[in-house]
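Source file work-v4.cif; content: mmCIF, C-alpha atoms.
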data_upload
#
loop_
_atom_site.label_atom_id
_atom_site.label_comp_id
_atom_site.auth_asym_id
_atom_site.auth_seq_id
_atom_site.Cartn_x
_atom_site.Cartn_y
_atom_site.Cartn_z
CA MET Q 29 0.00 0.00 0.00
CA PHE Q 30 1.33 3.41 -0.90
CA PHE Q 31 0.87 6.62 1.07
CA THR Q 32 1.43 10.16 -0.05
CA LYS Q 33 1.93 11.42 3.52
CA ALA Q 34 2.77 9.98 6.92
CA THR Q 35 -0.23 8.07 8.31
CA VAL Q 36 -0.68 6.77 11.83
CA SER Q 37 -3.03 4.03 13.02
CA SER Q 38 -5.37 4.52 15.92
CA ALA Q 39 -3.81 1.52 17.65
CA PHE Q 40 -0.51 3.37 17.86
CA VAL Q 41 -1.17 7.04 18.29
CA ALA Q 42 -3.46 8.95 20.61
CA ALA Q 43 -5.08 11.52 18.34
CA VAL Q 44 -4.47 15.06 19.38
CA ASN Q 45 -7.79 16.33 20.69
CA ALA Q 46 -6.23 18.32 23.51
CA HIS Q 47 -5.10 21.46 21.71
CA MET Q 48 -4.55 24.60 23.73
CA ILE Q 49 -7.10 27.19 24.87
CA MET Q 50 -6.27 30.45 26.60
CA LYS Q 51 -7.31 30.19 30.26
CA THR Q 52 -6.17 33.62 31.39
CA PRO Q 53 -6.95 36.23 30.25
CA SER Q 54 -10.51 34.95 30.16
CA PRO Q 55 -11.67 34.33 26.56
CA PHE Q 56 -14.98 35.20 24.95
CA ASP Q 57 -17.67 32.58 25.67
CA PRO Q 58 -15.40 29.74 26.87
CA ALA Q 59 -18.16 27.16 26.50
CA GLN Q 60 -18.32 27.81 22.75
CA LEU Q 61 -14.59 28.17 22.12
CA ASN Q 62 -13.02 25.06 20.56
CA ASN Q 63 -9.33 24.28 20.83
CA SER Q 64 -8.39 24.11 17.16
CA PRO Q 65 -6.07 26.57 15.41
CA LEU Q 66 -7.31 29.27 13.08
CA ASP Q 67 -8.63 27.91 9.81
CA ALA Q 68 -5.81 27.64 7.27
CA SER Q 69 -7.82 29.84 4.91
CA GLY Q 70 -7.99 32.62 7.46
CA SER Q 71 -11.78 32.59 7.37
CA ASP Q 72 -12.09 32.77 11.18
CA PHE Q 73 -9.40 35.41 11.70
CA PRO Q 74 -9.27 37.11 14.10
CA CYS Q 75 -9.99 35.23 17.32
CA LYS Q 76 -11.71 32.20 15.68
CA PHE Q 77 -14.85 34.30 15.11
CA SER Q 78 -17.06 32.22 12.83
CA GLY Q 79 -20.72 31.22 12.87
CA ALA Q 80 -21.96 30.88 16.45
CA TYR Q 81 -18.68 31.99 18.01
CA THR Q 82 -18.60 35.78 18.28
CA ALA Q 83 -17.14 38.54 20.45
CA THR Q 84 -19.77 38.04 23.14
CA GLY Q 85 -20.00 36.31 26.50
CA GLY Q 86 -17.19 35.51 28.88
CA THR Q 87 -15.83 37.45 31.82
CA THR Q 88 -14.48 40.91 31.10
CA ASN Q 89 -10.79 41.20 31.89
CA THR Q 90 -10.56 44.43 33.87
CA PHE Q 91 -6.90 45.42 34.06
CA ALA Q 92 -5.33 48.60 35.38
CA LEU Q 93 -2.79 50.37 33.20
CA GLY Q 94 0.68 49.27 34.30
CA SER Q 95 -0.58 46.12 36.07
CA ASP Q 96 1.11 42.71 35.92
CA GLN Q 97 -1.00 39.90 34.47
CA GLU Q 98 -0.69 36.18 33.71
CA LEU Q 99 -1.07 34.17 30.51
CA SER Q 100 -2.08 30.52 31.13
CA PHE Q 101 -3.62 27.65 29.20
CA ILE Q 102 -5.87 24.59 29.23
CA GLY Q 103 -4.87 21.53 27.19
CA SER Q 104 -1.82 19.39 26.53
CA ALA Q 105 -1.00 19.42 22.80
CA VAL Q 106 1.79 21.96 23.07
CA HIS Q 107 3.40 20.86 19.77
CA GLY Q 108 6.92 21.18 21.11
CA GLY Q 109 6.33 24.77 22.15
CA GLY Q 110 6.86 27.62 19.73
CA SER Q 111 6.41 31.36 20.14
CA CYS Q 112 3.52 33.51 21.36
CA GLN Q 113 2.41 37.13 21.52
CA VAL Q 114 -0.03 39.00 23.76
CA VAL Q 115 -1.89 41.57 21.69
CA LEU Q 116 -4.47 44.35 22.10
CA THR Q 117 -6.97 46.22 19.96
CA TYR Q 118 -9.47 48.91 20.89
CA ASP Q 119 -11.92 47.60 18.27
CA ASN Q 120 -14.82 45.77 19.85
CA PRO Q 121 -15.71 43.59 18.13
CA PRO Q 122 -12.47 43.29 16.16
CA THR Q 123 -12.51 42.57 12.44
CA LYS Q 124 -10.02 41.36 9.85
CA ASP Q 125 -8.98 44.99 9.40
CA SER Q 126 -8.50 45.82 13.07
CA LYS Q 127 -5.18 47.22 14.28
CA TRP Q 128 -3.65 44.74 16.73
CA LYS Q 129 -0.58 45.79 18.70
CA VAL Q 130 1.89 43.61 20.63
CA ILE Q 131 2.37 44.25 24.36
CA HIS Q 132 4.46 41.14 25.10
CA SER Q 133 6.38 38.56 23.05
CA ILE Q 134 7.42 35.07 24.19
CA GLU Q 135 10.15 33.78 21.89
CA GLY Q 136 10.40 29.99 22.21
CA GLY Q 137 9.06 27.77 24.95
CA CYS Q 138 5.42 28.77 24.57
CA PRO Q 139 2.99 27.38 25.58
CA ALA Q 140 5.47 25.00 27.26
CA LYS Q 141 9.23 25.09 27.78
CA GLY Q 142 11.69 22.32 26.91
CA GLN Q 143 9.10 20.05 25.27
CA ALA Q 144 10.15 17.84 22.35
CA GLY Q 145 6.50 16.99 21.66
CA ASN Q 146 3.28 17.09 23.67
CA LEU Q 147 2.43 16.85 27.32
CA PRO Q 148 0.56 13.67 28.38
CA GLU Q 149 -2.82 13.92 26.68
CA ASP Q 150 -5.43 15.74 28.74
CA PRO Q 151 -7.86 18.18 27.11
CA ASN Q 152 -8.45 19.75 30.53
CA GLY Q 153 -4.83 19.73 31.61
CA THR Q 154 -3.18 22.77 33.16
CA GLY Q 155 0.43 21.55 32.98
CA ALA Q 156 1.53 23.99 30.28
CA GLY Q 157 3.55 27.07 31.12
CA THR Q 158 2.38 30.30 32.71
CA TYR Q 159 3.84 33.62 31.60
CA LYS Q 160 3.89 37.08 33.13
CA TYR Q 161 3.25 40.24 31.12
CA THR Q 162 2.55 43.88 31.95
CA ILE Q 163 -0.18 46.12 30.58
CA PRO Q 164 1.55 49.26 29.26
CA SER Q 165 1.07 52.21 31.59
CA ASP Q 166 1.06 54.86 28.85
CA ILE Q 167 -1.71 53.71 26.50
CA PRO Q 168 -5.35 54.87 26.66
CA ALA Q 169 -7.82 53.43 29.13
CA GLY Q 170 -11.09 52.09 27.77
CA LYS Q 171 -12.76 49.01 26.34
CA GLY Q 172 -11.09 46.72 23.84
CA VAL Q 173 -10.04 43.13 23.20
CA ILE Q 174 -6.97 41.23 24.41
CA GLY Q 175 -5.62 38.29 22.46
CA TRP Q 176 -3.04 35.49 22.50
CA THR Q 177 -1.37 34.20 19.35
CA TRP Q 178 0.83 31.11 18.97
CA PHE Q 179 2.98 29.66 16.21
CA ASN Q 180 3.63 25.99 17.04
CA ARG Q 181 7.14 24.59 16.61
CA ILE Q 182 6.24 21.11 15.30
CA GLY Q 183 3.25 19.69 13.45
CA ASN Q 184 1.13 21.31 10.77
CA ARG Q 185 1.97 24.95 10.07
CA GLU Q 186 -0.70 26.71 12.11
CA MET Q 187 -1.60 29.92 13.87
CA TYR Q 188 -3.63 29.86 17.07
CA MET Q 189 -5.52 32.90 18.33
CA ASN Q 190 -7.90 33.28 21.26
CA CYS Q 191 -9.33 36.60 22.44
CA GLY Q 192 -11.24 37.99 25.39
CA PRO Q 193 -13.15 41.13 26.40
CA LEU Q 194 -10.98 43.84 27.94
CA GLU Q 195 -11.44 47.01 29.96
CA LEU Q 196 -8.35 49.04 30.81
CA THR Q 197 -8.65 51.35 33.80
CA GLY Q 198 -6.52 54.34 34.73
CA THR Q 199 -5.62 57.75 33.34
CA GLY Q 200 -2.88 59.53 31.46
CA GLY Q 201 -2.48 57.22 28.48
CA ASP Q 202 -1.84 58.47 24.96
CA GLN Q 203 -3.03 56.96 21.66
CA ALA Q 204 0.34 57.76 20.11
CA ASN Q 205 2.01 55.34 22.52
CA PHE Q 206 -0.35 52.58 21.47
CA ASP Q 207 0.30 53.34 17.80
CA LYS Q 208 4.06 52.97 18.34
CA LEU Q 209 3.75 49.41 19.61
CA PRO Q 210 4.74 46.62 17.14
CA ASP Q 211 2.11 45.18 14.84
CA MET Q 212 0.87 41.66 15.58
CA VAL Q 213 2.58 39.01 13.45
CA VAL Q 214 0.23 36.99 11.23
CA LEU Q 215 1.60 33.84 9.54
CA ASN Q 216 0.44 30.39 8.39
CA ILE Q 217 -3.08 31.46 7.32
CA GLY Q 218 -4.48 32.63 4.02
CA SER Q 219 -1.84 34.19 1.77
CA HIS Q 220 0.52 34.97 4.65
CA PRO Q 221 3.99 33.33 4.66
CA GLN Q 222 4.57 30.18 6.65
CA THR Q 223 6.90 29.40 9.51
CA PRO Q 224 9.62 26.75 9.11
CA GLU Q 225 9.05 23.65 11.20
CA GLY Q 226 11.21 22.40 14.07
CA VAL Q 227 12.65 25.66 15.41
CA ASP Q 228 11.57 28.38 17.80
CA TYR Q 229 10.70 31.81 16.47
CA ALA Q 230 12.24 35.14 17.36
CA PHE Q 231 10.11 38.09 16.26
CA ALA Q 232 11.64 40.70 13.97
CA ASP Q 233 10.02 43.40 16.13
CA PRO Q 234 9.01 41.85 19.47
CA GLY Q 235 8.60 45.17 21.26
CA SER Q 236 10.17 46.23 24.55
CA SER Q 237 8.59 43.44 26.64
CA VAL Q 238 10.14 40.10 25.67
CA GLU Q 239 10.64 36.68 27.26
CA ASN Q 240 13.40 34.89 25.35
CA ASN Q 241 13.46 31.10 25.76
CA ILE Q 242 15.26 30.27 22.51
CA GLY Q 243 17.86 27.55 22.96
CA GLN Q 244 18.10 23.86 22.18
CA PHE Q 245 15.83 23.74 19.12
CA GLY Q 246 17.42 26.53 17.06
CA SER Q 247 15.54 29.51 15.74
CA ALA Q 248 14.22 31.56 12.87
CA THR Q 249 13.40 35.27 12.96
CA CYS Q 250 9.86 35.97 11.77
CA GLY Q 251 7.82 39.01 10.82
CA ASN Q 252 4.81 39.65 8.64
CA ASP Q 253 7.03 39.30 5.57
CA GLY Q 254 8.12 35.77 6.50
CA CYS Q 255 10.97 34.07 8.36
CA LYS Q 256 14.76 33.95 8.12
CA SER Q 257 16.99 31.34 9.70
CA GLY Q 258 18.67 32.29 12.95
CA GLY Q 259 17.64 34.46 15.86
CA ALA Q 260 18.56 35.72 19.30
CA ALA Q 261 20.05 33.40 21.88
CA ALA Q 262 18.11 32.95 25.09
CA GLY Q 263 18.47 35.85 27.47
CA GLY Q 264 15.39 35.62 29.69
CA SER Q 265 12.91 38.44 30.06
CA SER Q 266 13.79 41.84 28.70
CA GLY Q 267 12.47 45.30 29.19
CA GLY Q 268 13.50 46.48 25.77
CA GLY Q 269 15.36 45.89 22.56
CA SER Q 270 14.71 43.71 19.58
CA SER Q 271 15.46 40.01 19.26
CA SER Q 272 15.82 40.20 15.50
CA ALA Q 273 18.91 38.97 13.68
CA ALA Q 274 19.95 39.30 10.05
CA ALA Q 275 20.22 35.89 8.42
CA THR Q 276 19.73 33.92 5.24
CA PRO Q 277 16.08 33.34 4.26
CA THR Q 278 14.86 29.81 4.87
CA LYS Q 279 12.21 28.00 2.89
CA SER Q 280 9.00 27.67 4.89
CA SER Q 281 7.20 24.35 5.05
CA SER Q 282 3.61 24.05 3.87
CA ALA Q 283 0.60 23.01 5.89
CA ALA Q 284 -0.30 20.71 3.04
CA ALA Q 285 3.18 19.31 2.60
CA SER Q 286 4.19 19.11 6.24
CA SER Q 287 2.30 16.55 8.28
CA THR Q 288 5.04 15.60 10.67
CA ALA Q 289 4.38 12.91 13.22
CA ALA Q 290 6.48 13.85 16.21
CA ALA Q 291 7.12 12.03 19.46
CA GLY Q 292 5.53 13.71 22.45
CA GLY Q 293 6.76 14.00 25.99
CA GLY Q 294 4.72 11.19 27.44
CA GLY Q 295 1.93 11.76 24.92
CA GLY Q 296 3.37 9.64 22.12
CA VAL Q 297 3.55 10.39 18.43
CA PHE Q 298 0.90 12.80 17.23
CA LEU Q 299 -0.75 14.31 14.20
CA THR Q 300 -2.99 17.36 14.34
CA THR Q 301 -6.61 16.31 13.99
CA GLY Q 302 -10.02 17.81 14.45
CA GLY Q 303 -11.16 21.40 14.22
CA SER Q 304 -10.98 23.52 11.14
CA GLY Q 305 -7.31 24.35 11.09
CA GLY Q 306 -4.77 22.25 9.19
CA SER Q 307 -5.97 19.14 7.41
CA VAL Q 308 -4.55 15.70 8.12
CA PRO Q 309 -3.12 14.09 4.95
CA THR Q 310 -4.91 10.98 3.77
CA PRO Q 311 -3.59 7.89 1.98
CA THR Q 312 -4.03 7.49 -1.79
CA SER Q 313 -6.40 4.64 -1.07
CA ALA Q 314 -8.30 3.93 2.12
CA PRO Q 315 -6.22 1.53 4.25
CA ALA Q 316 -7.70 -1.33 6.17
CA ALA Q 317 -7.35 -1.28 9.94
CA SER Q 318 -3.68 -1.76 10.69
CA SER Q 319 -1.15 -1.22 13.43
CA THR Q 320 1.45 0.00 10.93
CA ALA Q 321 2.34 3.68 10.99
CA ALA Q 322 4.65 5.72 8.84
CA VAL Q 323 6.37 8.21 11.08
CA SER Q 324 8.23 11.31 9.96
CA SER Q 325 11.41 12.15 11.83
CA SER Q 326 11.48 15.81 10.85
CA ALA Q 327 10.74 17.30 14.26
CA ALA Q 328 14.04 19.19 13.97
CA PRO Q 329 15.30 21.32 11.06
CA ALA Q 330 16.31 19.10 8.16
CA ALA Q 331 20.02 18.72 7.61
CA THR Q 332 22.29 16.13 6.05
CA PRO Q 333 23.57 13.88 8.83
CA ALA Q 334 27.34 13.79 8.95
CA PRO Q 335 29.17 10.99 10.72
CA SER Q 336 30.99 12.12 13.82
CA SER Q 337 32.64 10.78 16.89
CA GLY Q 338 31.94 11.26 20.58
CA ALA Q 339 28.63 12.79 21.56
CA GLY Q 340 27.78 13.42 17.94
CA GLY Q 341 27.50 9.72 17.23
CA SER Q 342 27.28 8.07 13.82
CA PRO Q 343 24.44 6.85 11.60
CA SER Q 344 24.94 3.28 12.83
CA THR Q 345 23.12 2.00 15.89
CA GLY Q 346 24.88 1.94 19.24
CA SER Q 347 24.21 0.88 22.78
CA GLY Q 348 21.22 3.20 23.22
CA SER Q 349 22.63 5.09 26.19
CA ALA Q 350 21.54 8.65 26.93
CA LEU Q 351 23.82 11.28 25.39
CA SER Q 352 24.50 14.87 26.35
CA GLY Q 353 26.44 17.87 25.15
CA ALA Q 354 27.51 18.65 21.60
CA CYS Q 355 26.54 16.62 18.54
CA SER Q 356 27.17 17.12 14.84
CA SER Q 357 24.76 14.72 13.11
CA GLU Q 358 21.91 17.21 12.94
CA GLY Q 359 18.50 15.51 13.11
CA MET Q 360 19.92 12.18 14.31
CA TRP Q 361 17.68 10.24 16.70
CA ASN Q 362 18.92 8.26 19.70
CA CYS Q 363 16.66 5.57 21.17
CA VAL Q 364 17.55 5.10 24.84
CA SER Q 365 16.97 1.63 26.33
CA GLY Q 366 14.05 1.07 23.96
CA SER Q 367 11.65 3.21 25.97
CA SER Q 368 12.71 6.83 25.46
CA TYR Q 369 14.45 9.00 22.87
CA GLN Q 370 16.36 12.19 22.19
CA GLN Q 371 17.50 14.06 19.10
CA CYS Q 372 20.48 16.03 17.88
CA ALA Q 373 19.10 19.53 17.36
CA SER Q 374 21.03 22.75 16.81
CA GLY Q 375 24.31 21.06 17.68
CA LEU Q 376 23.19 19.67 21.06
CA TRP Q 377 21.53 16.49 22.26
CA SER Q 378 18.02 17.23 23.53
CA VAL Q 379 16.71 16.06 26.87
CA VAL Q 380 15.55 12.43 26.98
CA GLN Q 381 11.79 12.07 26.46
CA PRO Q 382 9.67 8.95 27.19
CA LEU Q 383 7.77 7.17 24.43
CA ALA Q 384 4.03 6.63 24.71
CA ALA Q 385 2.88 3.68 26.79
CA GLY Q 386 2.94 0.42 24.81
CA THR Q 387 5.52 1.57 22.28
CA LYS Q 388 9.21 0.77 21.99
CA CYS Q 389 12.06 1.93 19.79
CA THR Q 390 15.17 0.17 18.50
CA PRO Q 391 18.06 1.17 20.82
CA GLY Q 392 20.84 3.25 19.35
CA GLN Q 393 21.22 6.09 16.88
CA SER Q 394 19.56 6.28 13.48
CA ALA Q 395 18.42 8.82 10.93
CA ASN Q 396 14.82 7.64 11.41
CA LEU Q 397 13.20 6.69 14.68
CA GLU Q 398 11.96 3.09 14.33
CA MET Q 399 9.38 1.96 16.86
CA LEU Q 400 7.33 -1.06 17.86
CA ALA Q 401 3.65 -0.87 18.70
CA ALA Q 402 1.47 -3.72 19.91
CA GLY Q 403 4.28 -6.12 19.02
CA ARG Q 404 4.69 -4.93 15.44
CA LYS Q 405 7.42 -2.87 13.90
CA VAL Q 406 6.61 0.67 12.90
CA ARG Q 407 8.55 1.59 9.79
CA ALA Q 408 10.00 5.06 9.68
CA PHE Q 409 8.62 7.37 7.01
CA ARG Q 410 11.27 8.72 4.67
CA SER Q 411 10.43 11.87 2.75
#
So, in terms of C-alpha cells, how does the structure I just supplied come out?
Amino acid sequence: MFFTKATVSSAFVAAVNAHMIMKTPSPFDPAQLNNSPLDASGSDFPCKFSGAYTATGGTTNTFALGSDQELSFIGSAVHGGGSCQVVLTYDNPPTKDSKWKVIHSIEGGCPAKGQAGNLPEDPNGTGAGTYKYTIPSDIPAGKGVIGWTWFNRIGNREMYMNCGPLELTGTGGDQANFDKLPDMVVLNIGSHPQTPEGVDYAFADPGSSVENNIGQFGSATCGNDGCKSGGAAAGGSSGGGSSSAAATPTKSSSAAASSTAAAGGGGGVFLTTGGSGGSVPTPTSAPAASSTAAVSSSAAPAATPAPSSGAGGSPSTGSGSALSGACSSEGMWNCVSGSSYQQCASGLWSVVQPLAAGTKCTPGQSANLEMLAAGRKVRAFRS
C-alpha cells in the first residue's frame, strides 16, 4: 500500500484532541470556544470568530494600566512549544482589518518550555507554562479586546488565536504610545507566509517586553514578511530591545506538505486532527485497519547527517545510552533503552523524552526513529 503522507493508526497514536485554549486572560464565551487553530484559509481570523462563536460572553478582563497579568492555558497538545504574543486592539468587536498591537512577546518555549513533543494527553490539563506580562502604563484606558497568538514549533503549520473582552482602567495614556507598539505578526493562514518547522521563532520586532526562551531547538526570525533562519540566543525576560537577527532566508514548510508525526513528551507520536485548522493528509487509497504507521522524523530542522565521533554519534546504531552535550549529526535520533528517545538539534543532544505507553524503539542512533507498537514494527517514514 502506498501513502502520499505519513499516516498513523489509531492503535498506535493517541489523536491530538487536547489542543490549547487560553485560560487567562478569560476568553470570549469559553463554553463555545473550541481548541483548534485558526482555519488555514484565514476565514475565522481574528480570534476564531465564525458562525456561532462571536465577540460576546465571557468574563471581562478588567486590568489597570501598568498592572502585571498572567497568561495561562488549558490543554496538553503543546506541539513542542513555539512562540507567542499577547496583543491588544481597541476595536470591539475586532474585524479582519483591526489594528492589533503587541504588548508582550514570548520567543520559544510557549505554551510550554523544553518540550520535544506534547504533554501527556489531557484536554483539561493545566500543565503547560504560565507567563507574566505587563499592561503598558502609557496607552489609553477604555474598552477593547486582548488576544493570544501562537505559532507551534512542530506539526502542521498553524496559527492559534484566542481573544477575550478587555477594559483598561486608569488615566494619562496616549493613543500615540499605542500606535508605536509593534504590529501583531500573522503567519500560516491565508496568503501569509509560513513558519519553518522544528525551530523556535524570534520576532523581527518583538517590542520592549520580551521573554526569550530560545535555545536547544534553534531559531528563525519571523515578521509579517516571513521568516529567516537564525535568531537571538536565550536571554530571559527583557524590558527592551529587539530580538531580531539578520540571516539567510529559509524556505518555509507548507501546511499541506508538512504533516510531521512527532514524538511527544509522554503523549506519544501525534498528528494534528479535528477542528478547522490544518488538514490531516490521507492515503491514496483507504487503508484497512492496521497497526502500521509511517512516522516522519522531521521534528528538527532538516540537515544532512554527517558521521561524527563522541557525543555526535554516527548513523549506525549503538548501545542506546543517553547522550549529552555537543553533537554534529543534525537531526539524528537516539533511542535510549528502547523506551525513550532524544535528538540532535542545533548542535546539542536534547533532553531524553519517554515514548508513549505500549511503544518501543530500537536502541541506538539512526536517521529515522523506528518503533514497535502492539508487538509490530513501525517503519519510519522517509520523505
**Study point:** Of the listed residues Q:Ser247, Q:Thr117, Q:Ser71, Q:Thr123, that which approaches Q:Leu194 most closely, counting only C-alpha atoms
**Key:** Q:Thr117
Hey, which bits of stretch 114-166 of chain Q sit within 10 Å of stretch 375-379 of chain Q, and for each residue what's the closest pair of atoms and how far apart in Å (one decimal), counting all atoms listed in the file, rows by chain and increasing number, as JSON lines?
{"residue": "Q:Gly142", "atom": "CA", "partner": "Q:Val379", "partner_atom": "CA", "distance": 8.0}
{"residue": "Q:Gln143", "atom": "CA", "partner": "Q:Val379", "partner_atom": "CA", "distance": 8.7}
{"residue": "Q:Ala144", "atom": "CA", "partner": "Q:Ser378", "partner_atom": "CA", "distance": 8.0}
Check your understanding: Using only C-alpha atoms, which of Q:Tyr229, Q:Tyr188, Q:Tyr161, Q:Phe101 sits nearest Q:Pro74?
Key ->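 Looking only at the distances to Q:Pro74, the closest residue turns out to be Q:Tyr188.
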Check your understanding: Smallest atom-to-atom distance to Q:Val173: which of Q:Ser126, Q:Ser257, Q:Thr158, Q:Asn362, using all atoms listed in the file?
Key ->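 Nearest to Q:Val173: Q:Ser126.
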Practice item. Name the residues in contact with Q:Thr177 at a cut-off of 9 Å, using all atoms listed in the file, excluding same-chain residues fewer than 4 positions from it; report them as an MDAnalysis selection string. Key: chainID Q and resid 75 111:115 187:191 212:214
Check your understanding: Could you pull the residues within 8 Å of Q:Phe56, counting only C-alpha atoms, minus those fewer than 2 positions along the same chain, as an MDAnalysis selection string?
Key -> chainID Q and resid 54 58 61 82:87 191:193
Review point. Written as a ChimeraX atom specification, what is the full residue list that the PyMOL selection byres ((chain Q and resi 109) around 10) yields on the file shown?
Key: /Q:105-108,110-112,135-146,156-157,178-182,226-228
Could the residues in this selection be written to a file with C-alpha atoms, as a short mmCIF file (atom, residue, chain, number, x, y, z; two decimals), in the coordinates of the input?
data_model
loop_
_atom_site.label_atom_id
_atom_site.label_comp_id
_atom_site.auth_asym_id
_atom_site.auth_seq_id
_atom_site.Cartn_x
_atom_site.Cartn_y
_atom_site.Cartn_z
CA ALA Q 105 -1.00 19.42 22.80
CA VAL Q 106 1.79 21.96 23.07
CA HIS Q 107 3.40 20.86 19.77
CA GLY Q 108 6.92 21.18 21.11
CA GLY Q 110 6.86 27.62 19.73
CA SER Q 111 6.41 31.36 20.14
CA CYS Q 112 3.52 33.51 21.36
CA GLU Q 135 10.15 33.78 21.89
CA GLY Q 136 10.40 29.99 22.21
CA GLY Q 137 9.06 27.77 24.95
CA CYS Q 138 5.42 28.77 24.57
CA PRO Q 139 2.99 27.38 25.58
CA ALA Q 140 5.47 25.00 27.26
CA LYS Q 141 9.23 25.09 27.78
CA GLY Q 142 11.69 22.32 26.91
CA GLN Q 143 9.10 20.05 25.27
CA ALA Q 144 10.15 17.84 22.35
CA GLY Q 145 6.50 16.99 21.66
CA ASN Q 146 3.28 17.09 23.67
CA ALA Q 156 1.53 23.99 30.28
CA GLY Q 157 3.55 27.07 31.12
CA TRP Q 178 0.83 31.11 18.97
CA PHE Q 179 2.98 29.66 16.21
CA ASN Q 180 3.63 25.99 17.04
CA ARG Q 181 7.14 24.59 16.61
CA ILE Q 182 6.24 21.11 15.30
CA GLY Q 226 11.21 22.40 14.07
CA VAL Q 227 12.65 25.66 15.41
CA ASP Q 228 11.57 28.38 17.80
#
Check your understanding: Pick from Q:Phe245, Q:Trp361, Q:Phe206, Q:Phe73: nearest to Q:Asp125, with all atoms listed in the file counted?
Key ->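 Of Q:Phe245, Q:Trp361, Q:Phe206, Q:Phe73, the one nearest Q:Asp125, counting all atoms listed in the file, is Q:Phe73.
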Exercise for review: List the residues sitting within 7 Å of (7.4, 32.2, 6.9) in the file's frame, using all atoms listed in the file, as a ChimeraX atom specification.
Suggested key: /Q:215,221-224,250,254-255,280
Output, as lines of an AutoDock Vina configuration file, the centre and edge lengths in Å (one decimal) of the axis-aligned box that contains all listed atoms of stretch 180-189 of chain Q with 6 Å of margin on each side.
center_x = 0.8
center_y = 26.3
center_z = 14.2
size_x = 24.7
size_y = 25.2
size_z = 20.3
Practice item. Select, from Q:Gln381, Q:Gln370, Q:Ser133, Q:Asn152, the residue with the minimum atom-to-atom distance to Q:Leu397, counting only C-alpha atoms. Key: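 Closest to Q:Leu397, using only C-alpha atoms: Q:Gln370.
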